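Step one of this worksheet: look at the structure below.
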Amino acid sequence: MLLEIILFGVGAYRWLIIIYIFMSWVPNARESSFGQFLGSICEPFLSWFRKIIPPLGMIDLSPIVALFALYFVEIGIVSLFNMF
């Protein structure tokens, strides 16, 4: 039960990051109230990866690395719960 709740939270956060990434393709979408809300949720996590991985021209690869990190966190949580 607890594992399912944690995995749902990680999965939901992953989808919020994906939506936030796609919002960068739509003009002025990040300036909307929903875009600002997503920014306040996603930017603190993404900023860790932006410090390590600089953008390559117009392409920012840090969200992809952040999504991989969330995937590895999810695998780690499942492994921990399977140990017990």
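Convention: chains lettered A, B, ... in structure tokens order; per-chain residue numbering from 1; ligands numbered from 1 as shown.
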> Within 12 Å of A:Ala29, counting only C-alpha atoms, which residues qualify if same-chain residues fewer than 5 places away don't, as JSON, numbers by chain?
Replying inline: {"A": [19, 20, 21, 22, 23, 24, 34, 35, 36, 37, 38, 39]}
Write a file of the just-selected residues containing N, CA and C atoms, as a CSV table (one decimal), in the first residue's frame.
chain,number,residue,atom,x,y,z
A,19,ILE,N,5.1,17.5,-18.8
A,19,ILE,CA,4.2,18.5,-19.2
A,19,ILE,C,4.9,19.9,-19.2
A,20,TYR,N,5.7,20.1,-18.2
A,20,TYR,CA,6.5,21.4,-18.1
A,20,TYR,C,7.4,21.5,-19.3
A,21,ILE,N,8.0,20.4,-19.7
A,21,ILE,CA,9.0,20.4,-20.8
A,21,ILE,C,8.2,20.8,-22.1
A,22,PHE,N,7.0,20.2,-22.3
A,22,PHE,CA,6.3,20.4,-23.5
A,22,PHE,C,5.7,21.9,-23.5
A,23,MET,N,5.5,22.4,-22.3
A,23,MET,CA,5.0,23.8,-22.3
A,23,MET,C,6.0,24.8,-22.8
A,24,SER,N,7.3,24.4,-22.9
A,24,SER,CA,8.3,25.3,-23.4
A,24,SER,C,8.2,25.5,-24.9
A,34,PHE,N,-1.0,28.3,-14.6
A,34,PHE,CA,-0.6,26.8,-14.6
A,34,PHE,C,0.8,26.6,-14.8
A,35,GLY,N,1.4,27.3,-15.8
A,35,GLY,CA,2.8,27.2,-16.1
A,35,GLY,C,3.7,27.7,-14.9
A,36,GLN,N,3.3,28.8,-14.3
A,36,GLN,CA,4.0,29.2,-13.1
A,36,GLN,C,3.9,28.2,-11.9
A,37,PHE,N,2.7,27.6,-11.8
A,37,PHE,CA,2.6,26.6,-10.8
A,37,PHE,C,3.5,25.4,-11.0
A,38,LEU,N,3.5,24.9,-12.3
A,38,LEU,CA,4.4,23.8,-12.6
A,38,LEU,C,5.9,24.2,-12.5
A,39,GLY,N,6.2,25.4,-12.8
A,39,GLY,CA,7.6,25.9,-12.6
A,39,GLY,C,8.0,25.9,-11.2
>> So that I can check the surroundings of A:Ile77, please list as a VMD selection string every protein, DNA and RNA residue that reaches within 9 Å of it, counting only C-alpha atoms and ignoring chain neighbours fewer than 5 positions away.
In response: chain A and resid 3 6 to 7 72 82
Output of the above residues as a JSON list (two decimals), in the first residue's frame, restricted to C-alpha atoms:
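So selection-v1.json came out as:
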[["chain", "number", "residue", "atom", "x", "y", "z"],
["A", 3, "LEU", "CA", 4.81, 1.41, -2.03],
["A", 6, "ILE", "CA", 5.10, 6.42, -3.26],
["A", 7, "LEU", "CA", 5.28, 5.07, -6.82],
["A", 72, "PHE", "CA", 16.38, 5.14, -10.95],
["A", 82, "ASN", "CA", 11.34, -6.00, -1.98]]
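Note that the spacing between atom CA of A:Trp25 and atom CA of A:Met58 amounts to 11.8 Å.
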>> I need the helix (DSSP H, G or I) residues of chain A per DSSP on the backbone, written as a VMD selection string.
In response: chain A and resid 2 to 23 33 to 52 62 to 83
Just the selected residues (C-alpha atoms), exported as a compact mmCIF listing (two decimals), in the first residue's frame, please.
# COMPACT_ATOMS: atom_id res chain seq x y z
CA LEU A 2 2.73 2.48 0.97
CA LEU A 3 4.81 1.41 -2.03
CA GLU A 4 1.91 2.08 -4.37
CA ILE A 5 1.40 5.57 -2.94
CA ILE A 6 5.10 6.42 -3.26
CA LEU A 7 5.28 5.07 -6.82
CA PHE A 8 2.15 7.02 -7.75
CA GLY A 9 3.75 10.20 -6.41
CA VAL A 10 6.98 9.62 -8.34
CA GLY A 11 5.03 8.81 -11.51
CA ALA A 12 2.83 11.88 -11.13
CA TYR A 13 5.91 14.07 -10.62
CA ARG A 14 7.47 12.55 -13.75
CA TRP A 15 4.37 13.50 -15.75
CA LEU A 16 4.42 17.03 -14.34
CA ILE A 17 8.01 17.41 -15.55
CA ILE A 18 7.06 16.09 -19.00
CA ILE A 19 4.15 18.55 -19.22
CA TYR A 20 6.46 21.35 -18.09
CA ILE A 21 8.96 20.43 -20.82
CA PHE A 22 6.26 20.45 -23.52
CA MET A 23 5.01 23.81 -22.28
CA SER A 33 -0.82 30.60 -13.91
CA PHE A 34 -0.64 26.85 -14.57
CA GLY A 35 2.83 27.23 -16.09
CA GLN A 36 4.02 29.22 -13.10
CA PHE A 37 2.55 26.59 -10.78
CA LEU A 38 4.40 23.83 -12.64
CA GLY A 39 7.56 25.93 -12.63
CA SER A 40 7.41 26.30 -8.86
CA ILE A 41 7.12 22.52 -8.54
CA CYS A 42 9.54 21.36 -11.26
CA GLU A 43 12.27 24.01 -11.34
CA PRO A 44 13.82 23.23 -7.91
CA PHE A 45 14.40 19.61 -8.99
CA LEU A 46 15.52 20.51 -12.52
CA SER A 47 17.92 23.18 -11.27
CA TRP A 48 20.10 20.48 -9.66
CA PHE A 49 20.68 18.96 -13.08
CA ARG A 50 21.08 22.30 -14.86
CA LYS A 51 24.03 23.06 -12.59
CA ILE A 52 25.75 19.88 -13.80
CA SER A 62 18.89 18.36 -18.05
CA PRO A 63 15.16 17.39 -17.97
CA ILE A 64 15.99 14.11 -19.71
CA VAL A 65 18.66 13.34 -17.12
CA ALA A 66 16.21 14.34 -14.38
CA LEU A 67 13.63 11.89 -15.74
CA PHE A 68 16.24 9.13 -15.78
CA ALA A 69 17.13 10.01 -12.19
CA LEU A 70 13.48 9.70 -11.17
CA TYR A 71 13.34 6.33 -12.91
CA PHE A 72 16.38 5.14 -10.95
CA VAL A 73 14.83 6.44 -7.73
CA GLU A 74 11.71 4.45 -8.52
CA ILE A 75 13.76 1.28 -9.11
CA GLY A 76 15.63 1.89 -5.86
CA ILE A 77 12.41 2.30 -3.89
CA VAL A 78 10.97 -0.91 -5.34
CA SER A 79 14.20 -2.74 -4.52
CA LEU A 80 14.14 -1.49 -0.94
CA PHE A 81 10.55 -2.61 -0.46
CA ASN A 82 11.34 -6.00 -1.98
CA MET A 83 14.15 -6.51 0.54
